[in-house]
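*Asks:* My file is data_21.cif. It has mmCIF, C-alpha atoms, pLDDT in the B column; chains and numbers go by the auth columns:
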data_start
#
loop_
_atom_site.group_PDB
_atom_site.id
_atom_site.type_symbol
_atom_site.label_atom_id
_atom_site.label_comp_id
_atom_site.label_asym_id
_atom_site.label_seq_id
_atom_site.Cartn_x
_atom_site.Cartn_y
_atom_site.Cartn_z
_atom_site.B_iso_or_equiv
_atom_site.auth_seq_id
_atom_site.auth_asym_id
ATOM 1 C CA MET A 1 -24.680 -27.567 9.018 81.00 1 A
ATOM 2 C CA MET A 2 -24.013 -24.472 6.981 93.00 2 A
ATOM 3 C CA GLN A 3 -21.163 -24.694 4.515 96.00 3 A
ATOM 4 C CA VAL A 4 -18.765 -21.961 3.457 98.00 4 A
ATOM 5 C CA ARG A 5 -16.059 -22.509 0.860 98.00 5 A
ATOM 6 C CA VAL A 6 -13.489 -20.026 -0.409 98.00 6 A
ATOM 7 C CA GLN A 7 -11.584 -21.435 -3.356 98.00 7 A
ATOM 8 C CA ASN A 8 -9.600 -20.667 -6.484 98.00 8 A
ATOM 9 C CA VAL A 9 -10.793 -23.642 -8.523 97.00 9 A
ATOM 10 C CA ALA A 10 -14.003 -23.541 -10.552 97.00 10 A
ATOM 11 C CA PHE A 11 -17.123 -25.268 -9.268 97.00 11 A
ATOM 12 C CA ASP A 12 -19.964 -26.962 -11.097 97.00 12 A
ATOM 13 C CA PHE A 13 -23.036 -25.141 -9.837 94.00 13 A
ATOM 14 C CA ALA A 14 -25.492 -27.752 -11.105 96.00 14 A
ATOM 15 C CA GLN A 15 -23.602 -30.415 -9.189 97.00 15 A
ATOM 16 C CA GLU A 16 -23.311 -28.198 -6.105 97.00 16 A
ATOM 17 C CA ALA A 17 -27.044 -27.473 -6.183 97.00 17 A
ATOM 18 C CA LYS A 18 -27.757 -31.187 -6.499 97.00 18 A
ATOM 19 C CA ASN A 19 -25.453 -32.044 -3.586 97.00 19 A
ATOM 20 C CA PHE A 20 -27.016 -29.324 -1.465 97.00 20 A
ATOM 21 C CA ALA A 21 -30.550 -30.470 -2.299 96.00 21 A
ATOM 22 C CA SER A 22 -29.778 -34.070 -1.430 96.00 22 A
ATOM 23 C CA SER A 23 -28.142 -33.102 1.868 95.00 23 A
ATOM 24 C CA VAL A 24 -31.139 -31.255 3.323 95.00 24 A
ATOM 25 C CA GLN A 25 -34.208 -32.772 4.908 87.00 25 A
ATOM 26 C CA ASP A 26 -37.528 -31.270 5.986 83.00 26 A
ATOM 27 C CA CYS A 27 -37.225 -28.380 3.581 91.00 27 A
ATOM 28 C CA GLY A 28 -40.071 -27.184 1.368 95.00 28 A
ATOM 29 C CA ALA A 29 -38.083 -24.525 -0.473 97.00 29 A
ATOM 30 C CA LEU A 30 -34.639 -24.376 -1.951 97.00 30 A
ATOM 31 C CA VAL A 31 -33.173 -21.281 -3.620 98.00 31 A
ATOM 32 C CA THR A 32 -29.843 -21.071 -5.430 98.00 32 A
ATOM 33 C CA PHE A 33 -28.092 -18.075 -6.946 97.00 33 A
ATOM 34 C CA THR A 34 -24.917 -18.120 -9.056 97.00 34 A
ATOM 35 C CA GLY A 35 -22.876 -15.076 -10.077 96.00 35 A
ATOM 36 C CA ILE A 36 -21.080 -15.307 -13.424 97.00 36 A
ATOM 37 C CA VAL A 37 -18.200 -13.230 -14.836 96.00 37 A
ATOM 38 C CA ARG A 38 -19.929 -10.948 -17.342 94.00 38 A
ATOM 39 C CA ASN A 39 -18.462 -8.598 -19.916 93.00 39 A
ATOM 40 C CA ASN A 40 -17.846 -4.937 -19.093 89.00 40 A
ATOM 41 C CA ASP A 41 -19.709 -2.081 -20.798 88.00 41 A
ATOM 42 C CA ALA A 42 -17.000 -1.731 -23.478 88.00 42 A
ATOM 43 C CA GLY A 43 -17.211 -5.454 -24.224 91.00 43 A
ATOM 44 C CA ASP A 44 -13.442 -6.027 -24.018 93.00 44 A
ATOM 45 C CA LEU A 45 -13.083 -7.900 -20.744 95.00 45 A
ATOM 46 C CA LEU A 46 -10.386 -10.600 -20.802 95.00 46 A
ATOM 47 C CA ALA A 47 -10.647 -11.756 -17.206 96.00 47 A
ATOM 48 C CA LEU A 48 -11.624 -10.800 -13.703 97.00 48 A
ATOM 49 C CA GLU A 49 -8.979 -10.902 -10.990 98.00 49 A
ATOM 50 C CA ILE A 50 -10.346 -11.309 -7.496 98.00 50 A
ATOM 51 C CA GLU A 51 -8.135 -10.469 -4.545 98.00 51 A
ATOM 52 C CA HIS A 52 -9.156 -11.371 -1.013 98.00 52 A
ATOM 53 C CA TYR A 53 -7.990 -11.238 2.596 98.00 53 A
ATOM 54 C CA PRO A 54 -7.456 -14.942 3.278 95.00 54 A
ATOM 55 C CA VAL A 55 -7.381 -14.871 7.078 92.00 55 A
ATOM 56 C CA MET A 56 -10.587 -12.847 7.213 97.00 56 A
ATOM 57 C CA THR A 57 -12.616 -14.182 4.285 97.00 57 A
ATOM 58 C CA GLN A 58 -13.710 -17.494 5.764 96.00 58 A
ATOM 59 C CA SER A 59 -14.856 -15.950 9.059 95.00 59 A
ATOM 60 C CA ALA A 60 -16.620 -13.055 7.292 96.00 60 A
ATOM 61 C CA LEU A 61 -18.575 -15.515 5.129 97.00 61 A
ATOM 62 C CA GLU A 62 -19.377 -17.758 8.098 97.00 62 A
ATOM 63 C CA ASN A 63 -20.677 -14.702 9.912 97.00 63 A
ATOM 64 C CA ILE A 64 -22.979 -13.812 6.986 97.00 64 A
ATOM 65 C CA ALA A 65 -24.206 -17.408 6.640 98.00 65 A
ATOM 66 C CA GLY A 66 -24.723 -17.643 10.410 98.00 66 A
ATOM 67 C CA GLN A 67 -26.821 -14.483 10.458 98.00 67 A
ATOM 68 C CA ALA A 68 -28.984 -15.818 7.621 98.00 68 A
ATOM 69 C CA MET A 69 -29.436 -19.179 9.375 98.00 69 A
ATOM 70 C CA GLU A 70 -30.605 -17.444 12.533 98.00 70 A
ATOM 71 C CA LYS A 71 -32.708 -14.641 11.047 98.00 71 A
ATOM 72 C CA TRP A 72 -34.750 -16.978 8.791 97.00 72 A
ATOM 73 C CA SER A 73 -34.460 -20.217 10.809 97.00 73 A
ATOM 74 C CA LEU A 74 -32.991 -21.912 7.751 97.00 74 A
ATOM 75 C CA VAL A 75 -32.639 -25.653 7.456 97.00 75 A
ATOM 76 C CA ASP A 76 -29.254 -25.082 5.814 98.00 76 A
ATOM 77 C CA CYS A 77 -27.283 -22.697 3.630 98.00 77 A
ATOM 78 C CA LEU A 78 -24.207 -22.751 1.413 98.00 78 A
ATOM 79 C CA ILE A 79 -21.792 -20.082 0.203 98.00 79 A
ATOM 80 C CA ILE A 80 -19.043 -20.750 -2.342 98.00 80 A
ATOM 81 C CA HIS A 81 -16.873 -17.792 -3.395 98.00 81 A
ATOM 82 C CA ARG A 82 -13.867 -17.924 -5.695 98.00 82 A
ATOM 83 C CA PHE A 83 -10.736 -15.788 -5.869 98.00 83 A
ATOM 84 C CA GLY A 84 -7.893 -15.469 -8.388 98.00 84 A
ATOM 85 C CA ARG A 85 -8.112 -15.038 -12.155 98.00 85 A
ATOM 86 C CA LEU A 86 -11.503 -15.915 -13.664 98.00 86 A
ATOM 87 C CA ALA A 87 -12.375 -15.966 -17.372 96.00 87 A
ATOM 88 C CA LEU A 88 -15.523 -14.561 -18.946 95.00 88 A
ATOM 89 C CA GLY A 89 -18.494 -16.836 -18.317 95.00 89 A
ATOM 90 C CA GLU A 90 -16.979 -18.634 -15.331 96.00 90 A
ATOM 91 C CA PRO A 91 -18.968 -18.876 -12.104 97.00 91 A
ATOM 92 C CA ILE A 92 -17.689 -16.474 -9.404 97.00 92 A
ATOM 93 C CA MET A 93 -19.808 -17.490 -6.465 97.00 93 A
ATOM 94 C CA MET A 94 -23.009 -19.186 -5.435 98.00 94 A
ATOM 95 C CA VAL A 95 -25.361 -19.230 -2.499 98.00 95 A
ATOM 96 C CA ALA A 96 -27.992 -21.812 -1.688 98.00 96 A
ATOM 97 C CA THR A 97 -30.622 -21.666 1.023 98.00 97 A
ATOM 98 C CA ALA A 98 -33.053 -24.262 2.307 98.00 98 A
ATOM 99 C CA ALA A 99 -36.101 -23.365 4.372 97.00 99 A
ATOM 100 C CA PRO A 100 -39.562 -24.732 5.124 96.00 100 A
ATOM 101 C CA HIS A 101 -41.163 -22.041 2.892 96.00 101 A
ATOM 102 C CA ARG A 102 -40.079 -20.003 -0.135 96.00 102 A
ATOM 103 C CA ALA A 103 -40.291 -16.510 1.415 98.00 103 A
ATOM 104 C CA ALA A 104 -37.490 -17.345 3.849 98.00 104 A
ATOM 105 C CA ALA A 105 -35.429 -19.129 1.198 98.00 105 A
ATOM 106 C CA PHE A 106 -35.595 -16.171 -1.233 98.00 106 A
ATOM 107 C CA ALA A 107 -35.116 -13.448 1.390 98.00 107 A
ATOM 108 C CA SER A 108 -32.139 -15.139 3.042 98.00 108 A
ATOM 109 C CA ALA A 109 -30.427 -15.702 -0.332 98.00 109 A
ATOM 110 C CA ASP A 110 -30.979 -12.024 -1.170 97.00 110 A
ATOM 111 C CA PHE A 111 -29.628 -11.013 2.246 97.00 111 A
ATOM 112 C CA MET A 112 -26.483 -13.103 1.784 98.00 112 A
ATOM 113 C CA MET A 113 -25.908 -11.621 -1.677 97.00 113 A
ATOM 114 C CA ASP A 114 -26.210 -8.065 -0.341 96.00 114 A
ATOM 115 C CA TYR A 115 -23.735 -8.792 2.443 96.00 115 A
ATOM 116 C CA LEU A 116 -21.306 -10.631 0.159 97.00 116 A
ATOM 117 C CA LYS A 117 -21.196 -7.545 -2.079 95.00 117 A
ATOM 118 C CA SER A 118 -19.986 -5.118 0.546 92.00 118 A
ATOM 119 C CA ARG A 119 -19.057 -6.975 3.750 95.00 119 A
ATOM 120 C CA ALA A 120 -16.890 -9.825 2.485 97.00 120 A
ATOM 121 C CA PRO A 121 -13.220 -8.913 1.872 98.00 121 A
ATOM 122 C CA PHE A 122 -13.027 -9.416 -1.894 98.00 122 A
ATOM 123 C CA TRP A 123 -11.870 -6.871 -4.475 98.00 123 A
ATOM 124 C CA LYS A 124 -12.486 -7.277 -8.197 97.00 124 A
ATOM 125 C CA LYS A 125 -10.202 -6.052 -10.948 97.00 125 A
ATOM 126 C CA GLU A 126 -11.200 -6.025 -14.614 97.00 126 A
ATOM 127 C CA VAL A 127 -8.458 -7.048 -17.031 96.00 127 A
ATOM 128 C CA THR A 128 -8.663 -5.795 -20.627 95.00 128 A
ATOM 129 C CA ASP A 129 -6.166 -5.289 -23.465 91.00 129 A
ATOM 130 C CA ALA A 130 -5.863 -1.685 -22.336 92.00 130 A
ATOM 131 C CA GLY A 131 -4.776 -2.683 -18.837 94.00 131 A
ATOM 132 C CA ALA A 132 -6.391 -3.571 -15.536 95.00 132 A
ATOM 133 C CA GLU A 133 -8.769 -1.515 -13.479 95.00 133 A
ATOM 134 C CA TRP A 134 -10.218 -1.993 -9.974 97.00 134 A
ATOM 135 C CA VAL A 135 -13.990 -2.215 -9.878 95.00 135 A
ATOM 136 C CA ALA A 136 -15.398 0.615 -7.765 93.00 136 A
ATOM 137 C CA ALA A 137 -17.939 -0.243 -5.098 91.00 137 A
ATOM 138 C CA LYS A 138 -21.419 1.076 -5.840 91.00 138 A
ATOM 139 C CA ASP A 139 -23.272 3.312 -3.389 88.00 139 A
ATOM 140 C CA SER A 140 -26.384 1.275 -4.181 89.00 140 A
ATOM 141 C CA ASP A 141 -24.659 -1.852 -2.823 89.00 141 A
ATOM 142 C CA GLU A 142 -23.990 -0.125 0.485 87.00 142 A
ATOM 143 C CA GLN A 143 -27.530 1.256 0.619 89.00 143 A
ATOM 144 C CA ALA A 144 -28.954 -2.204 -0.064 88.00 144 A
ATOM 145 C CA LEU A 145 -27.833 -3.286 3.408 91.00 145 A
ATOM 146 C CA SER A 146 -30.283 -0.921 5.060 90.00 146 A
ATOM 147 C CA ARG A 147 -33.112 -3.149 3.794 91.00 147 A
ATOM 148 C CA TRP A 148 -32.159 -5.735 6.388 92.00 148 A
ATOM 149 C CA MET B 1 1.789 -4.611 14.867 95.00 1 B
ATOM 150 C CA GLN B 2 1.244 -6.072 11.451 97.00 2 B
ATOM 151 C CA ILE B 3 -0.321 -3.812 8.819 98.00 3 B
ATOM 152 C CA LEU B 4 -1.900 -5.195 5.645 98.00 4 B
ATOM 153 C CA TYR B 5 -2.951 -3.367 2.486 98.00 5 B
ATOM 154 C CA PHE B 6 -5.283 -4.669 -0.213 98.00 6 B
ATOM 155 C CA ALA B 7 -6.340 -3.835 -3.782 98.00 7 B
ATOM 156 C CA TRP B 8 -5.472 -0.331 -5.056 97.00 8 B
ATOM 157 C CA LEU B 9 -4.217 0.689 -1.632 97.00 9 B
ATOM 158 C CA ARG B 10 -1.615 -2.100 -1.775 97.00 10 B
ATOM 159 C CA GLU B 11 -0.599 -1.020 -5.288 96.00 11 B
ATOM 160 C CA ARG B 12 -0.409 2.660 -4.396 95.00 12 B
ATOM 161 C CA ILE B 13 1.721 2.057 -1.310 96.00 13 B
ATOM 162 C CA GLY B 14 3.765 -0.625 -3.040 96.00 14 B
ATOM 163 C CA LEU B 15 3.520 -3.072 -0.122 96.00 15 B
ATOM 164 C CA ALA B 16 1.136 -5.860 0.855 97.00 16 B
ATOM 165 C CA GLU B 17 2.273 -6.091 4.453 97.00 17 B
ATOM 166 C CA GLU B 18 4.631 -4.489 6.953 97.00 18 B
ATOM 167 C CA THR B 19 5.435 -4.502 10.646 97.00 19 B
ATOM 168 C CA VAL B 20 5.124 -1.126 12.325 95.00 20 B
ATOM 169 C CA ALA B 21 6.018 -0.039 15.851 92.00 21 B
ATOM 170 C CA SER B 22 3.338 2.457 16.798 92.00 22 B
ATOM 171 C CA SER B 23 2.129 4.285 19.868 90.00 23 B
ATOM 172 C CA ALA B 24 -1.147 5.258 18.162 95.00 24 B
ATOM 173 C CA GLU B 25 -4.260 5.044 20.312 97.00 25 B
ATOM 174 C CA THR B 26 -6.819 4.867 17.520 98.00 26 B
ATOM 175 C CA VAL B 27 -6.904 3.790 13.884 98.00 27 B
ATOM 176 C CA GLN B 28 -7.034 7.476 12.911 97.00 28 B
ATOM 177 C CA ASP B 29 -3.820 8.143 14.904 97.00 29 B
ATOM 178 C CA LEU B 30 -2.149 5.239 13.121 97.00 30 B
ATOM 179 C CA VAL B 31 -3.232 6.667 9.760 97.00 31 B
ATOM 180 C CA SER B 32 -1.656 10.015 10.729 96.00 32 B
ATOM 181 C CA GLU B 33 1.617 8.256 11.596 96.00 33 B
ATOM 182 C CA LEU B 34 1.587 6.367 8.302 96.00 34 B
ATOM 183 C CA ARG B 35 0.808 9.496 6.287 96.00 35 B
ATOM 184 C CA ALA B 36 3.860 11.196 7.777 94.00 36 B
ATOM 185 C CA LYS B 37 6.131 8.349 6.631 91.00 37 B
ATOM 186 C CA ASP B 38 6.237 8.920 2.916 91.00 38 B
ATOM 187 C CA PRO B 39 4.383 10.759 0.101 94.00 39 B
ATOM 188 C CA ARG B 40 3.012 7.422 -1.162 95.00 40 B
ATOM 189 C CA TYR B 41 1.206 6.898 2.160 96.00 41 B
ATOM 190 C CA GLU B 42 0.137 10.530 2.217 95.00 42 B
ATOM 191 C CA ALA B 43 -1.511 10.083 -1.188 94.00 43 B
ATOM 192 C CA ALA B 44 -2.987 6.665 -0.448 95.00 44 B
ATOM 193 C CA PHE B 45 -4.572 7.795 2.834 96.00 45 B
ATOM 194 C CA ALA B 46 -5.603 11.258 1.601 94.00 46 B
ATOM 195 C CA ASP B 47 -9.310 10.412 1.891 93.00 47 B
ATOM 196 C CA THR B 48 -10.092 7.857 4.574 92.00 48 B
ATOM 197 C CA SER B 49 -13.816 8.073 3.793 92.00 49 B
ATOM 198 C CA SER B 50 -12.990 5.996 0.700 92.00 50 B
ATOM 199 C CA LEU B 51 -11.227 3.355 2.813 97.00 51 B
ATOM 200 C CA ARG B 52 -12.229 0.595 5.207 97.00 52 B
ATOM 201 C CA VAL B 53 -10.361 -0.928 8.121 98.00 53 B
ATOM 202 C CA ALA B 54 -10.353 -4.291 9.874 98.00 54 B
ATOM 203 C CA LEU B 55 -8.815 -4.909 13.309 98.00 55 B
ATOM 204 C CA ASP B 56 -7.742 -8.514 13.841 97.00 56 B
ATOM 205 C CA GLN B 57 -9.892 -9.560 10.863 97.00 57 B
ATOM 206 C CA ARG B 58 -13.040 -7.758 12.033 95.00 58 B
ATOM 207 C CA LEU B 59 -14.469 -4.695 10.284 95.00 59 B
ATOM 208 C CA ALA B 60 -13.957 -1.622 12.453 97.00 60 B
ATOM 209 C CA HIS B 61 -14.122 2.186 12.403 97.00 61 B
ATOM 210 C CA PHE B 62 -11.350 4.746 12.095 97.00 62 B
ATOM 211 C CA GLY B 63 -12.158 6.115 15.549 97.00 63 B
ATOM 212 C CA ASP B 64 -11.753 2.712 17.218 98.00 64 B
ATOM 213 C CA PRO B 65 -8.927 2.112 19.743 98.00 65 B
ATOM 214 C CA ILE B 66 -6.124 -0.201 18.651 97.00 66 B
ATOM 215 C CA ALA B 67 -4.662 -1.183 22.029 93.00 67 B
ATOM 216 C CA GLY B 68 -3.858 -4.898 21.949 94.00 68 B
ATOM 217 C CA VAL B 69 -4.615 -5.236 18.235 97.00 69 B
ATOM 218 C CA ARG B 70 -2.148 -7.446 16.374 97.00 70 B
ATOM 219 C CA GLU B 71 -3.267 -7.013 12.766 98.00 71 B
ATOM 220 C CA VAL B 72 -4.635 -3.883 11.120 98.00 72 B
ATOM 221 C CA ALA B 73 -5.833 -4.175 7.513 98.00 73 B
ATOM 222 C CA PHE B 74 -6.655 -1.209 5.285 98.00 74 B
ATOM 223 C CA PHE B 75 -8.570 -1.584 2.019 98.00 75 B
ATOM 224 C CA PRO B 76 -11.030 0.065 -0.387 97.00 76 B
ATOM 225 C CA PRO B 77 -14.770 -0.700 -0.101 97.00 77 B
ATOM 226 C CA MET B 78 -15.254 -4.399 -0.808 97.00 78 B
ATOM 227 C CA THR B 79 -16.608 -5.672 -4.130 96.00 79 B
ATOM 228 C CA GLY B 80 -17.559 -9.289 -3.536 95.00 80 B
ATOM 229 C CA GLY B 81 -20.462 -11.294 -4.821 92.00 81 B
#
Could you write out this structure as structure tokens?
*Replies:*
Amino acid sequence: MMQVRVQNVAFDFAQEAKNFASSVQDCGALVTFTGIVRNNDAGDLLALEIEHYPVMTQSALENIAGQAMEKWSLVDCLIIHRFGRLALGEPIMMVATAAPHRAAAFASADFMMDYLKSRAPFWKKEVTDAGAEWVAAKDSDEQALSRW
Amino acid sequence: MQILYFAWLRERIGLAEETVASSAETVQDLVSELRAKDPRYEAAFADTSSLRVALDQRLAHFGDPIAGVREVAFFPPMTGG
């Protein structure tokens, strides 16, 4: 059931959430999360460039979604993650989870987000007028995995 | 075997992909062979604690054996999500 999509084109998260909601049955709780391209601290971000490892990305995301399905006995889950050049304010990725109760829906969405951060082969680069700079991974992102 | 580089590692080495004939037993041995090739590799692989490796598209460790592996990918810590 679970769906994983890796794509360059933008997605409409309201529409995706609606499609996901209408595709699941016997679910009492539905959680969605969407990540958006935000400005950097200096406020001069032009775009985000996301590189990925095409042959590995799909299987890495399916692995994360599969773990969430099993660990929380989800009814269904969805991951969409984009790559390529993204403008400020565009959606980068989304996850959706469906479960009988909210605790499982929230926790599994949180779990997938933590794993997407540091176990899915994506690398972000910030593009500004001054040039382009790779985003460094945060220690806190790695540490977050120990929660699970 | 096929070797892939991503993100700043790809930029620093100046290559996205190359085919290498290697007799290395582990990822670490392969890194040593690569470092001996050229100063660009030497610099890029100076600190492997800041790098990650995947063997045939699965995350692995630098001490892992590479016998039978077809594709080795090196990259910085991932920044998805």
*Asks:* Specify as a ChimeraX atom specification each residue included when the PyMOL selection byres ((chain A) within 10 of (chain B)) is applied to this file.
*Replies:* /A:34-36,50-57,59-60,80-83,92-95,112-125,133-139,141-142
*Asks:* Between CA of Arg85 (chain A) and CA of Asp41 (chain A), measure the distance and give it in Å to one decimal.
*Replies:*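 These atoms are spaced 19.4 Å apart.
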*Asks:* So that I can see what lies close to Leu46 (chain A), please list as an MDAnalysis selection string the residues with an atom at most 12 Å from it, counting all atoms listed in the file and leaving out residues fewer than 5 positions away in the same chain.
*Replies:* chainID A and resid 37:40 85:90 125:133
*Asks:* Closest to Gln3 (chain A) among A:Met69, A:Leu45, A:Ser140, A:Pro91, using all atoms listed in the file?
*Replies:*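 The shortest atom-to-atom distance to Gln3 (chain A) comes from A:Met69.
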*Asks:* Please return the centre and edge lengths, in Å to one decimal, of a box with edges along x, y and z that contains all listed atoms of region 115-120 of chain A, widened by 3 Å on every side, as AutoDock Vina command-line options.
*Replies:*
--center_x -20.3 --center_y -7.9 --center_z 0.8 --size_x 12.8 --size_y 11.5 --size_z 11.8
*Asks:* Counting all atoms listed in the file, figure out which residue out of B:Met1, B:Val72, B:Ser32, B:Glu42 gets nearest to Ile13 (chain B).
*Replies:*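 Selected residue with least distance to Ile13 (chain B): B:Glu42.
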*Asks:* I would like the residues chosen by the PyMOL selection byres ((chain A and resi 23-25) around 8) on the shown file; could you give them as a PyMOL selection string?
*Replies:* chain A and resi 19-22+26-27+75-76+98
*Asks:* Pull out every residue that the PyMOL selection byres ((chain B and resi 44) around 9) matches in the shown coordinates and put them as a ChimeraX atom specification.
*Replies:* /B:8-10,12-13,35,39-43,45-48
*Asks:* Using the incomplete input, complete region 17-25 of chain B to the level of all heavy atoms; output as a PDB file, keeping the file's coordinate frame.
*Replies:*
ATOM      1  N   GLU B  17       2.217  -5.827   3.015  1.00 97.00           N
ATOM      2  CA  GLU B  17       2.273  -6.091   4.453  1.00 97.00           C
ATOM      3  C   GLU B  17       3.526  -5.469   5.049  1.00 97.00           C
ATOM      4  O   GLU B  17       4.565  -5.427   4.399  1.00 97.00           O
ATOM      5  CB  GLU B  17       2.353  -7.610   4.611  1.00 97.00           C
ATOM      6  CG  GLU B  17       1.995  -8.121   5.954  1.00 97.00           C
ATOM      7  CD  GLU B  17       1.868  -9.644   5.944  1.00 97.00           C
ATOM      8  OE1 GLU B  17       1.560 -10.232   4.881  1.00 97.00           O
ATOM      9  OE2 GLU B  17       2.088 -10.235   6.997  1.00 97.00           O
ATOM     10  N   GLU B  18       3.436  -4.977   6.267  1.00 97.00           N
ATOM     11  CA  GLU B  18       4.631  -4.489   6.953  1.00 97.00           C
ATOM     12  C   GLU B  18       4.408  -4.522   8.460  1.00 97.00           C
ATOM     13  O   GLU B  18       3.276  -4.549   8.928  1.00 97.00           O
ATOM     14  CB  GLU B  18       4.989  -3.067   6.496  1.00 97.00           C
ATOM     15  CG  GLU B  18       3.950  -2.007   6.842  1.00 97.00           C
ATOM     16  CD  GLU B  18       4.343  -0.630   6.298  1.00 97.00           C
ATOM     17  OE1 GLU B  18       5.539  -0.289   6.336  1.00 97.00           O
ATOM     18  OE2 GLU B  18       3.437   0.100   5.858  1.00 97.00           O
ATOM     19  N   THR B  19       5.518  -4.545   9.198  1.00 97.00           N
ATOM     20  CA  THR B  19       5.435  -4.502  10.646  1.00 97.00           C
ATOM     21  C   THR B  19       5.784  -3.083  11.087  1.00 97.00           C
ATOM     22  O   THR B  19       6.782  -2.527  10.633  1.00 97.00           O
ATOM     23  CB  THR B  19       6.426  -5.506  11.271  1.00 97.00           C
ATOM     24  OG1 THR B  19       6.164  -6.785  10.698  1.00 97.00           O
ATOM     25  CG2 THR B  19       6.251  -5.591  12.775  1.00 97.00           C
ATOM     26  N   VAL B  20       4.934  -2.509  11.914  1.00 95.00           N
ATOM     27  CA  VAL B  20       5.124  -1.126  12.325  1.00 95.00           C
ATOM     28  C   VAL B  20       5.089  -1.039  13.849  1.00 95.00           C
ATOM     29  O   VAL B  20       4.238  -1.653  14.490  1.00 95.00           O
ATOM     30  CB  VAL B  20       3.999  -0.247  11.718  1.00 95.00           C
ATOM     31  CG1 VAL B  20       3.953   1.120  12.374  1.00 95.00           C
ATOM     32  CG2 VAL B  20       4.171  -0.100  10.210  1.00 95.00           C
ATOM     33  N   ALA B  21       6.059  -0.304  14.409  1.00 92.00           N
ATOM     34  CA  ALA B  21       6.018  -0.039  15.851  1.00 92.00           C
ATOM     35  C   ALA B  21       5.271   1.277  16.008  1.00 92.00           C
ATOM     36  O   ALA B  21       5.671   2.284  15.437  1.00 92.00           O
ATOM     37  CB  ALA B  21       7.424   0.066  16.404  1.00 92.00           C
ATOM     38  N   SER B  22       4.160   1.263  16.717  1.00 92.00           N
ATOM     39  CA  SER B  22       3.338   2.457  16.798  1.00 92.00           C
ATOM     40  C   SER B  22       2.837   2.686  18.218  1.00 92.00           C
ATOM     41  O   SER B  22       2.590   1.743  18.962  1.00 92.00           O
ATOM     42  CB  SER B  22       2.137   2.297  15.864  1.00 92.00           C
ATOM     43  OG  SER B  22       1.196   3.308  16.104  1.00 92.00           O
ATOM     44  N   SER B  23       2.686   3.968  18.552  1.00 90.00           N
ATOM     45  CA  SER B  23       2.129   4.285  19.868  1.00 90.00           C
ATOM     46  C   SER B  23       0.722   4.867  19.689  1.00 90.00           C
ATOM     47  O   SER B  23       0.158   5.444  20.599  1.00 90.00           O
ATOM     48  CB  SER B  23       3.036   5.285  20.588  1.00 90.00           C
ATOM     49  OG  SER B  23       3.219   6.417  19.759  1.00 90.00           O
ATOM     50  N   ALA B  24       0.171   4.697  18.480  1.00 95.00           N
ATOM     51  CA  ALA B  24      -1.147   5.258  18.162  1.00 95.00           C
ATOM     52  C   ALA B  24      -2.227   4.661  19.064  1.00 95.00           C
ATOM     53  O   ALA B  24      -2.200   3.479  19.395  1.00 95.00           O
ATOM     54  CB  ALA B  24      -1.479   4.982  16.708  1.00 95.00           C
ATOM     55  N   GLU B  25      -3.168   5.521  19.459  1.00 97.00           N
ATOM     56  CA  GLU B  25      -4.260   5.044  20.312  1.00 97.00           C
ATOM     57  C   GLU B  25      -5.460   4.583  19.506  1.00 97.00           C
ATOM     58  O   GLU B  25      -6.195   3.704  19.912  1.00 97.00           O
ATOM     59  CB  GLU B  25      -4.696   6.163  21.276  1.00 97.00           C
ATOM     60  CG  GLU B  25      -3.688   6.386  22.383  1.00 97.00           C
ATOM     61  CD  GLU B  25      -4.097   7.491  23.340  1.00 97.00           C
ATOM     62  OE1 GLU B  25      -5.256   7.964  23.263  1.00 97.00           O
ATOM     63  OE2 GLU B  25      -3.239   7.869  24.154  1.00 97.00           O
TER      64      GLU B  25
END
